[in-house]
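Report on one structure; see the data block that follows.
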Amino acid sequence: MDMKNITLTDIAQELNLSRSTIDRVLNDRGNVAVDTKKRVLRYINELGYKPNRAAKHLAKRTNCSIGVSYYLPNEFALQINRGINTVYEELSNYGLNVLIRAADSPEEQLLQIKEMSEQIDALALAVWEPDLVGDLVNDLIDDGLPVATFNRDLPDSERLFYFGCNYFESGQVCGGIIKKITSKPGKIAIINNHDILGEYRAKGFKSVLSDNFQYDIIGPYEICEEFEVEGSINEKVIEDIQRIIKDNPDLVAIYVANQTLCAAGKAVELLGKQGEIKLVGFDLYEQTVSLIEKDIIQAVVCQEPFNQGYYPIKILFELIAEGKEIEKSKFITRLEIVMKENLRYYHNYDYIK
């Protein structure tokens, strides 16, 4: 018997049983005589038979709609969507449906979550303003909606799991990079947002450099780039960072913990400080690649954005459609350091397009 093409009908004919009896045994439903059940299970174990996954879902009439809500920088969101699109292509034949809502503001995200909550079986969420949507998310969880977070966590909620990086450790990694590549004493500026993400990244960064007295850490400076700015750099942000550089002539490095890394690179380049001021930040975009190639940015730390889109959907689908238990409450992504020397392994790969 061809093991690749074996069917329930083949098994039924071999055992002189009905196809429905084999189906009841495999799916553990209905009444089947104990001896018959043992005979079927013994036979399929000998064959090494595994039910076709698509047929299994078709029999159960699986239909699982998972909502995705995020408020993220455009280029990072593109990389998240690659992961979402891939898992959808893999599982759509098994009943997966995905509703993606990309917000342009925290307020819009709140409205979008409310709107789609009635249409979905589970929710994967990346929140930029936890205080704004936290109560709504808790209400949805209380009502029985499975909720997972990715990229940005809601640790005070009853969410099922978080899939993303450890922000404190990401700050530590950046601190370690600057410690290794900066040879002369001076000031190191931190640029970030006034939020929990920026706070953890700054704390992690400082923890690595706190015992090194040749550096004076200044900031954090709260300079934010609007997410809508696409394909260009906000001139005001560049001017604000130039002002920091001019006001601190002994500045030796800048740690950018938010989305203003390219603006910081442009400020360094315009002031002719390339190589003199070391620049480290997060995430790999087309603009970032150019600045790394020109030695303006020394390193970026990436956090597997493709996987942040792919796995939360996959885990939620397996929970809803297959009853598979979730292994843990946190899935922490790798922190990958990308520099000019290894840029070719990342450019035009998972982090770009």
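Residue numbers start at 1 in each chain; chains themselves are named A, B, ... in the order of the structure tokens; ligands are numbered from 1 in the order shown.
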Extract, using only C-alpha atoms, all DNA, RNA and protein residues at most 12 Å from Gln298 (chain A), discarding same-chain residues fewer than 3 positions from it, and format them as an NGL selection string. :A and (174 or 177-178 or 180-182 or 253-256 or 261 or 265 or 274-282 or 288-295 or 301 or 337-343)
Give me the residues within 8 Å of Ile120 (chain A) as a PyMOL selection string, counting only C-alpha atoms and dropping any in the same chain fewer than 6 places off. chain A and resi 64-67
Which one of A:Gly309, A:Gly175, A:Pro146, A:Gly95 sits closest to Asn63 (chain A) if you count only C-alpha atoms?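 Between A:Gly309, A:Gly175, A:Pro146, A:Gly95, the residue approaching Asn63 (chain A) most closely is A:Gly95.
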Find the spatial neighbours of Glu118 (chain A), counting only C-alpha atoms, within a cut-off of 10 Å - ignore same-chain residues fewer than 5 positions away - and output them as a list in words. Ile113, Leu140 and Leu145 of chain A
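With only C-alpha atoms as the basis for measurement, A:Leu123 is the residue among A:Ala264, A:Val25, A:Leu123, A:Arg39 that approaches Phe161 (chain A) most closely.
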Write out as a PyMOL selection string all residues of region 308-340 of chain A that DSSP puts in strand (DSSP E or B) for this structure's backbone. chain A and resi 330-332+336-338
Can those selected residues be exported to a file as a tab-separated table (two decimals), in the first residue's frame so that it contains all heavy atoms?
```tsv
chain	number	residue	atom	x	y	z
A	330	LYS	N	5.62	33.85	27.57
A	330	LYS	CA	6.50	34.78	26.86
A	330	LYS	C	7.34	34.01	25.85
A	330	LYS	O	7.98	33.02	26.18
A	330	LYS	CB	7.42	35.53	27.82
A	330	LYS	CG	6.74	36.63	28.61
A	330	LYS	CD	7.77	37.43	29.41
A	330	LYS	CE	7.10	38.56	30.19
A	330	LYS	NZ	8.10	39.37	30.93
A	331	PHE	N	7.33	34.49	24.61
A	331	PHE	CA	8.20	33.97	23.57
A	331	PHE	C	9.14	35.12	23.18
A	331	PHE	O	8.71	36.09	22.54
A	331	PHE	CB	7.39	33.52	22.36
A	331	PHE	CG	6.45	32.38	22.64
A	331	PHE	CD1	5.19	32.62	23.19
A	331	PHE	CD2	6.82	31.07	22.36
A	331	PHE	CE1	4.31	31.58	23.44
A	331	PHE	CE2	5.95	30.02	22.62
A	331	PHE	CZ	4.70	30.27	23.17
A	332	ILE	N	10.38	35.04	23.58
A	332	ILE	CA	11.33	36.14	23.39
A	332	ILE	C	12.12	35.95	22.11
A	332	ILE	O	12.75	34.90	21.90
A	332	ILE	CB	12.27	36.26	24.60
A	332	ILE	CG1	11.47	36.47	25.89
A	332	ILE	CG2	13.25	37.41	24.40
A	332	ILE	CD1	10.57	37.68	25.88
A	336	GLU	N	19.55	40.38	17.13
A	336	GLU	CA	20.60	40.15	16.14
A	336	GLU	C	21.30	41.47	15.81
A	336	GLU	O	20.64	42.44	15.43
A	336	GLU	CB	20.00	39.53	14.89
A	336	GLU	CG	19.34	38.18	15.17
A	336	GLU	CD	18.69	37.56	13.95
A	336	GLU	OE1	17.91	38.27	13.28
A	336	GLU	OE2	18.96	36.40	13.67
A	337	ILE	N	22.60	41.47	15.97
A	337	ILE	CA	23.39	42.67	15.70
A	337	ILE	C	23.79	42.69	14.22
A	337	ILE	O	24.41	41.76	13.72
A	337	ILE	CB	24.65	42.70	16.58
A	337	ILE	CG1	24.26	42.69	18.07
A	337	ILE	CG2	25.50	43.93	16.26
A	337	ILE	CD1	25.44	42.49	18.99
A	338	VAL	N	23.43	43.77	13.54
A	338	VAL	CA	23.77	43.92	12.12
A	338	VAL	C	24.72	45.11	11.98
A	338	VAL	O	24.42	46.22	12.40
A	338	VAL	CB	22.52	44.16	11.26
A	338	VAL	CG1	22.90	44.30	9.79
A	338	VAL	CG2	21.52	43.00	11.43
```
Of the listed residues A:Leu41, A:Glu115, A:Thr86, A:Val127, that which approaches Leu72 (chain A) most closely, counting only C-alpha atoms: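 Going through A:Leu41, A:Glu115, A:Thr86, A:Val127 one by one, the smallest distance to Leu72 (chain A) is for A:Val127.
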What are the DSSP helix (DSSP H, G or I) residues of region 260-348 of chain A, as a PyMOL selection string? chain A and resi 261-270+286-293+305-322+340-345
Distance CA of Ala202 (chain A)-CA of Gly171 (chain A), one decimal place? 6.1 Å
Find the distance between CA of Gln172 (chain A) and CA of Lys206 (chain A) and write it in Å to one decimal.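 Computing it gives 7.6 Å between the two atoms.
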